[in-house]
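Engineer: As input, take entry_14.pdb (PDB, C-alpha atoms):
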```pdb
ATOM      1  CA  MET Z 247       4.976  28.952 -74.651
ATOM      2  CA  PRO Z 248       8.518  30.351 -74.170
ATOM      3  CA  SER Z 249      10.854  30.370 -77.148
ATOM      4  CA  PRO Z 250      13.184  27.349 -77.365
ATOM      5  CA  ARG Z 251      16.619  28.045 -75.917
ATOM      6  CA  PRO Z 252      19.799  27.106 -77.839
ATOM      7  CA  VAL Z 253      21.714  23.877 -77.212
ATOM      8  CA  LEU Z 254      24.778  22.975 -79.280
ATOM      9  CA  VAL Z 255      25.523  19.273 -79.754
ATOM     10  CA  LEU Z 256      29.010  18.159 -80.806
ATOM     11  CA  PHE Z 257      29.650  14.475 -81.298
ATOM     12  CA  GLY Z 258      31.965  12.061 -83.046
ATOM     13  CA  ALA Z 259      33.742   8.756 -82.704
ATOM     14  CA  THR Z 260      36.381   8.215 -80.051
ATOM     15  CA  GLY Z 261      39.664   9.867 -80.997
ATOM     16  CA  VAL Z 262      38.163  12.100 -83.682
ATOM     17  CA  GLY Z 263      39.180  15.377 -82.006
ATOM     18  CA  LYS Z 264      36.257  16.620 -79.903
ATOM     19  CA  THR Z 265      38.420  18.262 -77.230
ATOM     20  CA  ASP Z 266      40.330  20.436 -79.697
ATOM     21  CA  SER Z 267      37.046  21.419 -81.337
ATOM     22  CA  LEU Z 268      35.679  22.507 -77.956
ATOM     23  CA  ARG Z 269      38.725  24.734 -77.519
ATOM     24  CA  TYR Z 270      38.016  26.387 -80.875
ATOM     25  CA  LEU Z 271      34.391  26.981 -79.880
ATOM     26  CA  GLN Z 272      35.366  28.458 -76.527
ATOM     27  CA  GLU Z 273      37.875  30.823 -78.112
ATOM     28  CA  GLY Z 274      35.830  31.823 -81.135
ATOM     29  CA  LEU Z 275      32.157  32.063 -80.237
ATOM     30  CA  GLY Z 276      32.429  35.181 -78.100
ATOM     31  CA  THR Z 277      29.898  33.896 -75.576
ATOM     32  CA  PRO Z 278      30.332  31.789 -72.415
ATOM     33  CA  ILE Z 279      29.953  28.046 -72.946
ATOM     34  CA  GLU Z 280      30.069  25.003 -70.679
ATOM     35  CA  VAL Z 281      30.235  21.350 -71.686
ATOM     36  CA  ILE Z 282      27.842  18.569 -70.718
ATOM     37  CA  SER Z 283      29.643  15.270 -71.218
ATOM     38  CA  ALA Z 284      27.767  12.622 -73.214
ATOM     39  CA  ASP Z 285      30.246   9.863 -72.394
ATOM     40  CA  SER Z 286      29.122   6.775 -70.504
ATOM     41  CA  MET Z 287      32.614   6.103 -69.085
ATOM     42  CA  GLN Z 288      33.774   9.569 -68.062
ATOM     43  CA  VAL Z 289      31.160   9.566 -65.294
ATOM     44  CA  TYR Z 290      33.422   7.244 -63.262
ATOM     45  CA  ARG Z 291      35.840   8.555 -60.640
ATOM     46  CA  GLY Z 292      39.429   7.349 -60.731
ATOM     47  CA  MET Z 293      39.171   6.334 -64.375
ATOM     48  CA  ASP Z 294      40.863   9.243 -66.098
ATOM     49  CA  ILE Z 295      43.478   7.907 -68.498
ATOM     50  CA  GLY Z 296      41.553   5.007 -70.007
ATOM     51  CA  THR Z 297      38.452   7.132 -70.598
ATOM     52  CA  ALA Z 298      40.484   9.995 -72.118
ATOM     53  CA  LYS Z 299      38.942  12.567 -69.810
ATOM     54  CA  PRO Z 300      39.795  16.173 -70.572
ATOM     55  CA  SER Z 301      42.594  17.324 -68.286
ATOM     56  CA  ILE Z 302      41.810  18.978 -64.968
ATOM     57  CA  GLN Z 303      43.462  22.132 -66.283
ATOM     58  CA  PHE Z 304      41.218  22.206 -69.362
ATOM     59  CA  ARG Z 305      38.140  21.577 -67.223
ATOM     60  CA  SER Z 306      39.155  24.469 -64.979
ATOM     61  CA  GLU Z 307      39.211  26.693 -68.057
ATOM     62  CA  LEU Z 308      36.062  25.216 -69.615
ATOM     63  CA  PRO Z 309      33.694  23.691 -67.026
ATOM     64  CA  HIS Z 310      32.353  20.197 -67.742
ATOM     65  CA  HIS Z 311      29.266  18.538 -66.271
ATOM     66  CA  LEU Z 312      28.491  14.808 -65.730
ATOM     67  CA  ILE Z 313      32.138  13.859 -65.208
ATOM     68  CA  ASP Z 314      33.337  12.091 -62.013
ATOM     69  CA  ILE Z 315      29.842  11.553 -60.598
ATOM     70  CA  ARG Z 316      29.858   7.761 -60.019
ATOM     71  CA  ASN Z 317      32.143   5.163 -58.464
ATOM     72  CA  PRO Z 318      33.181   2.313 -60.798
ATOM     73  CA  ASP Z 319      30.810  -0.157 -59.113
ATOM     74  CA  GLN Z 320      27.746   2.046 -59.675
ATOM     75  CA  GLN Z 321      25.412   1.948 -62.655
ATOM     76  CA  PHE Z 322      24.822   5.016 -64.819
ATOM     77  CA  THR Z 323      21.781   4.573 -67.023
ATOM     78  CA  LEU Z 324      20.380   6.333 -70.046
ATOM     79  CA  GLY Z 325      17.727   7.821 -67.771
ATOM     80  CA  ASP Z 326      20.423   9.101 -65.404
ATOM     81  CA  PHE Z 327      22.157  10.809 -68.316
ATOM     82  CA  ILE Z 328      19.034  12.427 -69.729
ATOM     83  CA  GLY Z 329      17.903  13.667 -66.319
ATOM     84  CA  GLY Z 330      21.353  15.022 -65.459
ATOM     85  CA  CYS Z 331      21.772  16.626 -68.859
ATOM     86  CA  GLN Z 332      18.384  18.335 -68.748
ATOM     87  CA  ASP Z 333      19.105  19.698 -65.272
ATOM     88  CA  ALA Z 334      22.477  21.042 -66.425
ATOM     89  CA  VAL Z 335      20.972  22.639 -69.543
ATOM     90  CA  SER Z 336      18.312  24.398 -67.463
ATOM     91  CA  ASP Z 337      20.948  25.682 -65.043
ATOM     92  CA  LEU Z 338      23.168  26.985 -67.847
ATOM     93  CA  HIS Z 339      20.273  28.715 -69.568
ATOM     94  CA  ARG Z 340      19.404  30.473 -66.308
ATOM     95  CA  ARG Z 341      22.990  31.744 -66.182
ATOM     96  CA  ALA Z 342      22.978  32.834 -69.859
ATOM     97  CA  ILE Z 343      25.609  30.214 -70.775
ATOM     98  CA  LEU Z 344      25.428  28.174 -73.983
ATOM     99  CA  PRO Z 345      25.230  24.435 -73.194
ATOM    100  CA  VAL Z 346      27.414  22.258 -75.426
ATOM    101  CA  VAL Z 347      26.507  18.575 -75.196
ATOM    102  CA  SER Z 348      29.626  16.743 -76.351
ATOM    103  CA  GLY Z 349      30.637  13.102 -76.372
ATOM    104  CA  GLY Z 350      30.732   9.828 -78.186
ATOM    105  CA  THR Z 351      28.033   7.718 -76.524
ATOM    106  CA  ALA Z 352      25.695   7.660 -79.473
ATOM    107  CA  PHE Z 353      22.546   6.297 -77.860
ATOM    108  CA  TYR Z 354      22.752   8.963 -75.125
ATOM    109  CA  ILE Z 355      22.650  11.710 -77.736
ATOM    110  CA  LYS Z 356      20.022  10.002 -79.881
ATOM    111  CA  HIS Z 357      17.535   9.544 -77.053
ATOM    112  CA  LEU Z 358      18.294  12.934 -75.508
ATOM    113  CA  LEU Z 359      17.241  14.599 -78.762
ATOM    114  CA  PHE Z 360      14.592  12.212 -80.080
ATOM    115  CA  GLY Z 361      13.058  10.706 -76.945
ATOM    116  CA  MET Z 362      13.533   7.732 -74.664
ATOM    117  CA  PRO Z 363      12.989   4.205 -75.951
ATOM    118  CA  GLU Z 364       9.906   2.387 -74.728
ATOM    119  CA  ALA Z 365      11.649  -0.858 -73.803
ATOM    120  CA  PRO Z 366      10.447  -2.456 -70.550
ATOM    121  CA  VAL Z 367      12.240  -1.763 -67.305
ATOM    122  CA  SER Z 368      14.667  -4.320 -65.953
ATOM    123  CA  GLN Z 369      13.281  -7.226 -63.905
ATOM    124  CA  PRO Z 370      15.734  -8.630 -61.323
ATOM    125  CA  GLU Z 371      14.461 -12.217 -61.681
ATOM    126  CA  VAL Z 372      14.934 -12.302 -65.448
ATOM    127  CA  ARG Z 373      18.301 -10.572 -65.277
ATOM    128  CA  GLY Z 374      19.397 -12.979 -62.546
ATOM    129  CA  GLU Z 375      18.534 -15.985 -64.713
ATOM    130  CA  LEU Z 376      20.572 -14.580 -67.602
ATOM    131  CA  GLU Z 377      23.527 -13.773 -65.352
ATOM    132  CA  GLU Z 378      23.438 -17.359 -64.052
ATOM    133  CA  ILE Z 379      23.517 -18.644 -67.647
ATOM    134  CA  LEU Z 380      26.468 -16.338 -68.281
ATOM    135  CA  SER Z 381      28.414 -17.826 -65.370
ATOM    136  CA  LEU Z 382      27.562 -21.429 -66.323
ATOM    137  CA  ARG Z 383      27.733 -21.386 -70.119
ATOM    138  CA  GLY Z 384      29.651 -18.245 -71.016
ATOM    139  CA  LEU Z 385      29.035 -15.114 -73.030
ATOM    140  CA  GLU Z 386      29.294 -16.810 -76.432
ATOM    141  CA  TYR Z 387      26.233 -18.936 -75.587
ATOM    142  CA  LEU Z 388      24.191 -15.820 -74.790
ATOM    143  CA  ARG Z 389      25.440 -14.057 -77.894
ATOM    144  CA  ARG Z 390      24.272 -16.937 -80.106
ATOM    145  CA  GLU Z 391      20.870 -16.844 -78.405
ATOM    146  CA  LEU Z 392      20.631 -13.110 -79.094
ATOM    147  CA  GLU Z 393      21.548 -13.642 -82.748
ATOM    148  CA  ALA Z 394      18.644 -16.082 -83.005
ATOM    149  CA  VAL Z 395      15.968 -13.812 -81.484
ATOM    150  CA  ASP Z 396      17.240 -10.308 -82.299
ATOM    151  CA  PRO Z 397      19.888 -10.300 -85.037
ATOM    152  CA  VAL Z 398      19.662  -6.504 -85.408
ATOM    153  CA  SER Z 399      20.700  -5.894 -81.792
ATOM    154  CA  ALA Z 400      23.294  -8.663 -82.027
ATOM    155  CA  GLY Z 401      24.893  -6.809 -84.914
ATOM    156  CA  ARG Z 402      24.919  -3.519 -83.030
ATOM    157  CA  ILE Z 403      26.324  -4.834 -79.757
ATOM    158  CA  GLY Z 404      29.986  -5.720 -79.406
ATOM    159  CA  ALA Z 405      30.697  -9.431 -78.995
ATOM    160  CA  GLY Z 406      32.309  -8.814 -75.591
ATOM    161  CA  ASP Z 407      29.654  -6.461 -74.191
ATOM    162  CA  ALA Z 408      28.019  -8.760 -71.638
ATOM    163  CA  TYR Z 409      25.907  -6.025 -70.064
ATOM    164  CA  ARG Z 410      24.161  -5.019 -73.297
ATOM    165  CA  ILE Z 411      23.793  -8.609 -74.539
ATOM    166  CA  ILE Z 412      22.046  -9.529 -71.293
ATOM    167  CA  ARG Z 413      19.869  -6.415 -71.507
ATOM    168  CA  ALA Z 414      18.752  -7.259 -75.053
ATOM    169  CA  LEU Z 415      17.883 -10.828 -74.045
ATOM    170  CA  GLU Z 416      16.111  -9.534 -70.951
ATOM    171  CA  VAL Z 417      13.877  -7.298 -73.098
ATOM    172  CA  TRP Z 418      13.096 -10.249 -75.373
ATOM    173  CA  ARG Z 419      12.147 -12.499 -72.456
ATOM    174  CA  ILE Z 420      10.006  -9.839 -70.776
ATOM    175  CA  SER Z 421       8.175  -8.497 -73.817
ATOM    176  CA  GLY Z 422       8.507 -11.101 -76.544
ATOM    177  CA  ARG Z 423       9.811  -8.330 -78.787
ATOM    178  CA  PRO Z 424      13.389  -7.665 -79.905
ATOM    179  CA  LEU Z 425      15.098  -4.701 -78.285
ATOM    180  CA  SER Z 426      15.735  -3.246 -81.742
ATOM    181  CA  SER Z 427      11.980  -2.841 -82.249
ATOM    182  CA  PHE Z 428      11.858  -0.316 -79.387
ATOM    183  CA  SER Z 429      14.597   1.913 -80.799
ATOM    184  CA  ARG Z 430      12.698   3.990 -83.323
ATOM    185  CA  GLU Z 431      13.407   7.689 -83.339
ATOM    186  CA  GLY Z 432      10.625  10.145 -82.651
ATOM    187  CA  ARG Z 433      10.544  13.820 -83.499
ATOM    188  CA  MET Z 434      13.316  16.170 -82.462
ATOM    189  CA  ARG Z 435      12.514  17.717 -79.077
ATOM    190  CA  GLU Z 436      10.932  21.138 -79.418
ATOM    191  CA  ASP Z 437      11.856  22.712 -76.074
ATOM    192  CA  TRP Z 438      15.429  23.357 -77.282
ATOM    193  CA  ARG Z 439      16.737  25.015 -80.426
ATOM    194  CA  VAL Z 440      19.405  22.491 -81.377
ATOM    195  CA  LEU Z 441      22.376  22.679 -83.721
ATOM    196  CA  ILE Z 442      24.010  19.272 -84.252
ATOM    197  CA  LEU Z 443      27.637  19.132 -85.368
ATOM    198  CA  GLY Z 444      29.157  15.765 -86.238
ATOM    199  CA  LEU Z 445      32.918  15.312 -86.475
ATOM    200  CA  GLU Z 446      34.430  12.834 -88.922
ATOM    201  CA  ARG Z 447      37.810  11.838 -90.305
ATOM    202  CA  PRO Z 448      38.837   9.382 -93.033
ATOM    203  CA  ARG Z 449      38.838   5.879 -91.563
ATOM    204  CA  GLU Z 450      42.615   5.369 -91.914
ATOM    205  CA  GLU Z 451      43.321   8.716 -90.253
ATOM    206  CA  LEU Z 452      40.965   7.960 -87.363
ATOM    207  CA  TYR Z 453      42.431   4.501 -86.793
ATOM    208  CA  ALA Z 454      45.985   5.880 -86.769
ATOM    209  CA  ARG Z 455      44.950   8.437 -84.136
ATOM    210  CA  ILE Z 456      43.340   5.703 -82.048
ATOM    211  CA  ASN Z 457      46.448   3.503 -82.162
ATOM    212  CA  THR Z 458      48.658   6.416 -81.143
ATOM    213  CA  ARG Z 459      46.320   7.494 -78.367
ATOM    214  CA  VAL Z 460      46.275   4.032 -76.804
ATOM    215  CA  GLU Z 461      50.081   3.973 -76.764
ATOM    216  CA  GLN Z 462      50.053   7.407 -75.126
ATOM    217  CA  MET Z 463      47.627   6.145 -72.470
ATOM    218  CA  PHE Z 464      50.111   3.460 -71.450
ATOM    219  CA  GLN Z 465      52.913   6.023 -71.407
ATOM    220  CA  ALA Z 466      50.738   8.229 -69.183
ATOM    221  CA  GLY Z 467      50.275   5.451 -66.606
ATOM    222  CA  LEU Z 468      47.166   3.473 -67.559
ATOM    223  CA  GLU Z 469      48.590   0.305 -65.995
ATOM    224  CA  ASP Z 470      49.047   2.086 -62.664
ATOM    225  CA  GLU Z 471      45.534   3.516 -62.897
ATOM    226  CA  VAL Z 472      44.022   0.057 -63.370
ATOM    227  CA  ALA Z 473      46.174  -1.402 -60.579
ATOM    228  CA  ALA Z 474      44.952   1.324 -58.220
ATOM    229  CA  LEU Z 475      41.337   0.517 -59.079
ATOM    230  CA  VAL Z 476      41.912  -3.195 -58.450
ATOM    231  CA  ASP Z 477      43.611  -2.373 -55.134
ATOM    232  CA  ARG Z 478      40.456  -0.483 -54.153
ATOM    233  CA  GLY Z 479      38.422  -3.635 -54.745
ATOM    234  CA  TYR Z 480      37.017  -3.024 -58.215
ATOM    235  CA  GLY Z 481      36.969  -5.862 -60.721
ATOM    236  CA  PRO Z 482      35.685  -6.964 -64.139
ATOM    237  CA  GLU Z 483      32.120  -7.366 -62.898
ATOM    238  CA  ASP Z 484      31.793  -3.658 -62.036
ATOM    239  CA  PRO Z 485      30.081  -1.376 -64.591
ATOM    240  CA  GLY Z 486      33.009   1.004 -64.911
ATOM    241  CA  MET Z 487      35.546  -1.766 -65.379
ATOM    242  CA  ARG Z 488      33.618  -3.245 -68.309
ATOM    243  CA  GLY Z 489      34.679  -0.353 -70.526
ATOM    244  CA  ILE Z 490      37.309  -0.503 -73.249
ATOM    245  CA  GLY Z 491      40.703   0.307 -71.787
ATOM    246  CA  TYR Z 492      39.956  -1.530 -68.546
ATOM    247  CA  ARG Z 493      38.364  -4.909 -69.288
ATOM    248  CA  GLU Z 494      41.342  -5.871 -71.468
ATOM    249  CA  PHE Z 495      43.551  -5.969 -68.367
ATOM    250  CA  PHE Z 496      41.567  -9.006 -67.196
ATOM    251  CA  ALA Z 497      41.742 -10.701 -70.612
ATOM    252  CA  ALA Z 498      45.448 -10.379 -71.450
ATOM    253  CA  GLU Z 499      48.645 -10.792 -69.465
ATOM    254  CA  SER Z 500      51.359  -8.857 -71.269
ATOM    255  CA  ARG Z 501      51.627  -5.132 -71.925
ATOM    256  CA  ALA Z 502      51.917  -5.702 -75.687
ATOM    257  CA  GLU Z 503      48.803  -7.899 -75.754
ATOM    258  CA  ARG Z 504      46.818  -5.354 -73.775
ATOM    259  CA  ILE Z 505      47.852  -2.499 -76.050
ATOM    260  CA  GLU Z 506      46.940  -4.477 -79.150
ATOM    261  CA  LEU Z 507      43.603  -5.578 -77.680
ATOM    262  CA  ILE Z 508      42.618  -2.071 -76.588
ATOM    263  CA  GLN Z 509      43.582  -0.666 -79.977
ATOM    264  CA  ARG Z 510      41.525  -3.309 -81.766
ATOM    265  CA  ASN Z 511      38.483  -2.918 -79.524
ATOM    266  CA  THR Z 512      38.629   0.873 -79.766
ATOM    267  CA  ARG Z 513      38.789   0.760 -83.559
ATOM    268  CA  ARG Z 514      35.784  -1.553 -83.645
ATOM    269  CA  TYR Z 515      33.898   0.690 -81.247
ATOM    270  CA  ALA Z 516      34.698   3.752 -83.351
ATOM    271  CA  LYS Z 517      33.326   1.999 -86.422
ATOM    272  CA  ARG Z 518      30.063   1.220 -84.590
ATOM    273  CA  GLN Z 519      29.872   4.825 -83.388
ATOM    274  CA  GLU Z 520      30.247   6.132 -86.925
ATOM    275  CA  THR Z 521      27.492   3.827 -88.176
ATOM    276  CA  PHE Z 522      25.131   4.848 -85.375
ATOM    277  CA  PHE Z 523      25.839   8.565 -85.691
ATOM    278  CA  ARG Z 524      25.152   8.448 -89.419
ATOM    279  CA  GLY Z 525      21.524   7.707 -88.587
ATOM    280  CA  LEU Z 526      21.052  10.945 -86.630
ATOM    281  CA  ARG Z 527      18.995  13.385 -88.631
ATOM    282  CA  GLN Z 528      19.757  17.108 -88.993
ATOM    283  CA  THR Z 529      23.498  16.627 -88.448
ATOM    284  CA  HIS Z 530      26.060  18.965 -90.032
ATOM    285  CA  TRP Z 531      29.150  16.847 -90.714
ATOM    286  CA  ASN Z 532      32.627  18.386 -90.603
ATOM    287  CA  HIS Z 533      36.277  17.440 -90.371
ATOM    288  CA  PRO Z 534      37.554  18.781 -87.008
ATOM    289  CA  GLY Z 535      39.980  21.001 -88.906
ATOM    290  CA  THR Z 536      37.080  22.986 -90.378
ATOM    291  CA  ILE Z 537      35.381  23.893 -87.088
ATOM    292  CA  LYS Z 538      37.253  27.205 -86.885
ATOM    293  CA  LYS Z 539      35.816  28.197 -90.252
ATOM    294  CA  MET Z 540      32.306  27.420 -89.005
ATOM    295  CA  ILE Z 541      32.485  29.782 -86.024
ATOM    296  CA  PRO Z 542      30.648  32.669 -87.787
ATOM    297  CA  GLU Z 543      27.844  30.315 -88.840
ATOM    298  CA  ILE Z 544      27.555  28.867 -85.321
ATOM    299  CA  ARG Z 545      27.573  32.363 -83.814
ATOM    300  CA  SER Z 546      24.785  33.411 -86.193
ATOM    301  CA  TRP Z 547      22.726  30.361 -85.175
ATOM    302  CA  TYR Z 548      23.234  31.158 -81.499
ATOM    303  CA  GLN Z 549      22.191  34.768 -81.890
ATOM    304  CA  GLY Z 550      19.308  33.774 -84.141
TER
END
```
Starting from the file, lay out its structure as structure tokens.
Structural biologist:
Amino acid sequence: MPSPRPVLVLFGATGVGKTDSLRYLQEGLGTPIEVISADSMQVYRGMDIGTAKPSIQFRSELPHHLIDIRNPDQQFTLGDFIGGCQDAVSDLHRRAILPVVSGGTAFYIKHLLFGMPEAPVSQPEVRGELEEILSLRGLEYLRRELEAVDPVSAGRIGAGDAYRIIRALEVWRISGRPLSSFSREGRMREDWRVLILGLERPREELYARINTRVEQMFQAGLEDEVAALVDRGYGPEDPGMRGIGYREFFAAESRAERIELIQRNTRRYAKRQETFFRGLRQTHWNHPGTIKKMIPEIRSWYQG
């Protein structure tokens, strides 16, 4: 059996400072690296500002994979991510480049490293029934139903996340088991030699960065970006437009209300990310400002 090849994983909540940390790694490691994005929203074309994609210039200097590979009306599943990530890792290893899996979509990283969940596949009839209930009775009705049958998943899923609420109820109706019962971690995959770096900041510091970043998104033209997507026929029912930074445009009228709503939803999402990431075993936690100091240790691991 061939020796496991190295894969570096860098994750953290939205706004924590992953992009700057990638710059430090690129400059300090002394070996070629490329990034595999573990972000469920950055896969969508035309959605650059609201998803905080790295700039085109930065991506020209440090290549990124799994960015701009779907239109906003197309699904991108956990299986799509794992398959695409594994293909990219294999390609980079063949070219003697260190893969760096980096992002904030926690369940992507969890199941990439510890195995796919065993939850049943989607059934169009069941999903259709739930979507009809959504249109007739509203999301709050479905959320209360989920709280009754699977309170663990209800606590993990944002109150406005219709897609994941429907998915959790779908699993319950198909299997008679709560979705949360399928989400147990297995053993760390053995075909890669993985170093996991988690980035964290004090809560107040992270929230201040999030608030500032949302304001900067509006200054950079987020409203025009959303208007262009709507002009192309995309709306709130499309997978890409359900993300934070986009769905709020269909829920609020004024600029001030949209800014406040996006800031609030992003802070709540960051809190859920932090909670989820804390459950990942074998993680080395660091403030982004200390990554430079860790370069010798990371280099030693890579050469190891």
Engineer: Applied to the shown file, which residues does the PyMOL selection byres ((chain Z and resi 492) around 10) return, written as a PDB file with C-alpha atoms, in the frame of the given file?
Structural biologist:
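File written: part_31.pdb
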```
ATOM      1  CA  MET Z 293      39.171   6.334 -64.375  1.00  0.00           C
ATOM      2  CA  GLY Z 296      41.553   5.007 -70.007  1.00  0.00           C
ATOM      3  CA  THR Z 297      38.452   7.132 -70.598  1.00  0.00           C
ATOM      4  CA  LEU Z 468      47.166   3.473 -67.559  1.00  0.00           C
ATOM      5  CA  GLU Z 469      48.590   0.305 -65.995  1.00  0.00           C
ATOM      6  CA  GLU Z 471      45.534   3.516 -62.897  1.00  0.00           C
ATOM      7  CA  VAL Z 472      44.022   0.057 -63.370  1.00  0.00           C
ATOM      8  CA  LEU Z 475      41.337   0.517 -59.079  1.00  0.00           C
ATOM      9  CA  GLY Z 481      36.969  -5.862 -60.721  1.00  0.00           C
ATOM     10  CA  PRO Z 482      35.685  -6.964 -64.139  1.00  0.00           C
ATOM     11  CA  GLY Z 486      33.009   1.004 -64.911  1.00  0.00           C
ATOM     12  CA  MET Z 487      35.546  -1.766 -65.379  1.00  0.00           C
ATOM     13  CA  ARG Z 488      33.618  -3.245 -68.309  1.00  0.00           C
ATOM     14  CA  GLY Z 489      34.679  -0.353 -70.526  1.00  0.00           C
ATOM     15  CA  ILE Z 490      37.309  -0.503 -73.249  1.00  0.00           C
ATOM     16  CA  GLY Z 491      40.703   0.307 -71.787  1.00  0.00           C
ATOM     17  CA  ARG Z 493      38.364  -4.909 -69.288  1.00  0.00           C
ATOM     18  CA  GLU Z 494      41.342  -5.871 -71.468  1.00  0.00           C
ATOM     19  CA  PHE Z 495      43.551  -5.969 -68.367  1.00  0.00           C
ATOM     20  CA  PHE Z 496      41.567  -9.006 -67.196  1.00  0.00           C
ATOM     21  CA  ALA Z 497      41.742 -10.701 -70.612  1.00  0.00           C
ATOM     22  CA  ARG Z 504      46.818  -5.354 -73.775  1.00  0.00           C
ATOM     23  CA  ILE Z 508      42.618  -2.071 -76.588  1.00  0.00           C
TER      24      ILE Z 508
END
```
Engineer: List, as a VMD selection string, every residue that the PyMOL selection byres ((chain Z and resi 364-380) around 7) selects in the file provided.
Structural biologist: chain Z and resid 362 to 363 381 to 385 388 412 416 to 417 425 428
Engineer: Please list as a PyMOL selection string every residue within 6 Å of Val289 in chain Z, counting all atoms listed in the file and excluding residues in the same chain fewer than 4 positions away.
Structural biologist: chain Z and resi 312-316
Engineer: Please report the interatomic distance between CA of Ala473 in chain Z and CA of Asp294 in chain Z in Å with one decimal.
Structural biologist: 13.1 Å
Engineer: Quick one: distance from CA of Val347 in chain Z to CA of Gly330 in chain Z in Å, one decimal?
Structural biologist: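 Here the two named atoms are 11.6 Å from each other.
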Engineer: With distances taken over all atoms listed in the file, which of Z:Gly292, Z:Pro345, Z:Gly401, Z:Gly550 is nearest to Thr521 in chain Z?
Structural biologist: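 Selected residue with least distance to Thr521 in chain Z: Z:Gly401.
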Engineer: To verify the selection step, state as an MDAnalysis selection string which residues the PyMOL selection byres ((chain Z and resi 355) around 12) yields on this input.
Structural biologist: chainID Z and resid 254:258 282:286 324:325 327:328 331:332 346:354 356:362 431 434:435 440 442:444 519 522:523 525:527 529
Engineer: Write the residues of the selection above to a file with C-alpha atoms, as a CSV table (one decimal), in the coordinates of the input.
Structural biologist:
```
chain,number,residue,atom,x,y,z
Z,254,LEU,CA,24.8,23.0,-79.3
Z,255,VAL,CA,25.5,19.3,-79.8
Z,256,LEU,CA,29.0,18.2,-80.8
Z,257,PHE,CA,29.6,14.5,-81.3
Z,258,GLY,CA,32.0,12.1,-83.0
Z,282,ILE,CA,27.8,18.6,-70.7
Z,283,SER,CA,29.6,15.3,-71.2
Z,284,ALA,CA,27.8,12.6,-73.2
Z,285,ASP,CA,30.2,9.9,-72.4
Z,286,SER,CA,29.1,6.8,-70.5
Z,324,LEU,CA,20.4,6.3,-70.0
Z,325,GLY,CA,17.7,7.8,-67.8
Z,327,PHE,CA,22.2,10.8,-68.3
Z,328,ILE,CA,19.0,12.4,-69.7
Z,331,CYS,CA,21.8,16.6,-68.9
Z,332,GLN,CA,18.4,18.3,-68.7
Z,346,VAL,CA,27.4,22.3,-75.4
Z,347,VAL,CA,26.5,18.6,-75.2
Z,348,SER,CA,29.6,16.7,-76.4
Z,349,GLY,CA,30.6,13.1,-76.4
Z,350,GLY,CA,30.7,9.8,-78.2
Z,351,THR,CA,28.0,7.7,-76.5
Z,352,ALA,CA,25.7,7.7,-79.5
Z,353,PHE,CA,22.5,6.3,-77.9
Z,354,TYR,CA,22.8,9.0,-75.1
Z,356,LYS,CA,20.0,10.0,-79.9
Z,357,HIS,CA,17.5,9.5,-77.1
Z,358,LEU,CA,18.3,12.9,-75.5
Z,359,LEU,CA,17.2,14.6,-78.8
Z,360,PHE,CA,14.6,12.2,-80.1
Z,361,GLY,CA,13.1,10.7,-76.9
Z,362,MET,CA,13.5,7.7,-74.7
Z,431,GLU,CA,13.4,7.7,-83.3
Z,434,MET,CA,13.3,16.2,-82.5
Z,435,ARG,CA,12.5,17.7,-79.1
Z,440,VAL,CA,19.4,22.5,-81.4
Z,442,ILE,CA,24.0,19.3,-84.3
Z,443,LEU,CA,27.6,19.1,-85.4
Z,444,GLY,CA,29.2,15.8,-86.2
Z,519,GLN,CA,29.9,4.8,-83.4
Z,522,PHE,CA,25.1,4.8,-85.4
Z,523,PHE,CA,25.8,8.6,-85.7
Z,525,GLY,CA,21.5,7.7,-88.6
Z,526,LEU,CA,21.1,10.9,-86.6
Z,527,ARG,CA,19.0,13.4,-88.6
Z,529,THR,CA,23.5,16.6,-88.4
```
Engineer: Nearest to Val395 in chain Z among Z:Gly422, Z:Pro278, Z:Pro485, Z:Pro534, with distances taken over all atoms listed in the file: which residue is it?
Structural biologist: Z:Gly422
Engineer: Give as a list of chain:residue names each residue that has an atom at most 12 Å from (41.1, 16.8, -78.4) in the file, counting all atoms listed in the file.
Structural biologist: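 Final list of nearby residues, as requested, is Z:Gly258, Z:Ala259, Z:Thr260, Z:Gly261, Z:Val262, Z:Gly263, Z:Lys264, Z:Thr265, Z:Asp266, Z:Ser267, Z:Leu268, Z:Arg269, Z:Tyr270, Z:Ala298, Z:Lys299, Z:Pro300, Z:Ser301, Z:Phe304, Z:Ser348, Z:Gly349, Z:Leu445, Z:Arg455, Z:Ile456, Z:Arg459, Z:Pro534, Z:Gly535.
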Engineer: Show which residues sit within 9 Å of range 337-341 of chain Z, as a list of chain:residue names. Count only C-alpha atoms, and ignore same-chain residues fewer than 2 positions away.
Structural biologist: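 Once the adjacent positions are removed, what remains is Z:Arg251, Z:Pro252, Z:Ile279, Z:Glu280, Z:Gln332, Z:Asp333, Z:Ala334, Z:Val335, Z:Ile343, Z:Leu344, Z:Pro345.
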Engineer: Could you state the separation of CA of Gly467 in chain Z and CA of Ile505 in chain Z in Å, given to one decimal place?
Structural biologist: 12.6 Å
Engineer: Of the candidates Z:Trp438, Z:Ser306, Z:Pro448, Z:Tyr515, which one gets nearest to Ala405 in chain Z if we count all atoms listed in the file?
Structural biologist: Z:Tyr515
Engineer: Could you check the closest approach to Val253 in chain Z for each of Z:Leu441, Z:Leu415, Z:Ile541, Z:Leu275 and tell me which residue wins, using all atoms listed in the file?
Structural biologist: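 Ranked by minimum distance to Val253 in chain Z, first place goes to Z:Leu441.
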Engineer: Within 8 Å of Ala466 in chain Z, counting all atoms listed in the file, which residues show up once you throw out same-chain ones fewer than 3 positions away? Write them as an mmCIF file with C-alpha atoms, in the frame of the given file, please.
Structural biologist:
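In the end it all went to selection-v8.cif:
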```
data_model
loop_
_atom_site.group_PDB
_atom_site.id
_atom_site.type_symbol
_atom_site.label_atom_id
_atom_site.label_comp_id
_atom_site.auth_asym_id
_atom_site.auth_seq_id
_atom_site.Cartn_x
_atom_site.Cartn_y
_atom_site.Cartn_z
ATOM 1 C CA ILE Z 295 43.478 7.907 -68.498
ATOM 2 C CA GLN Z 462 50.053 7.407 -75.126
ATOM 3 C CA MET Z 463 47.627 6.145 -72.470
#
```
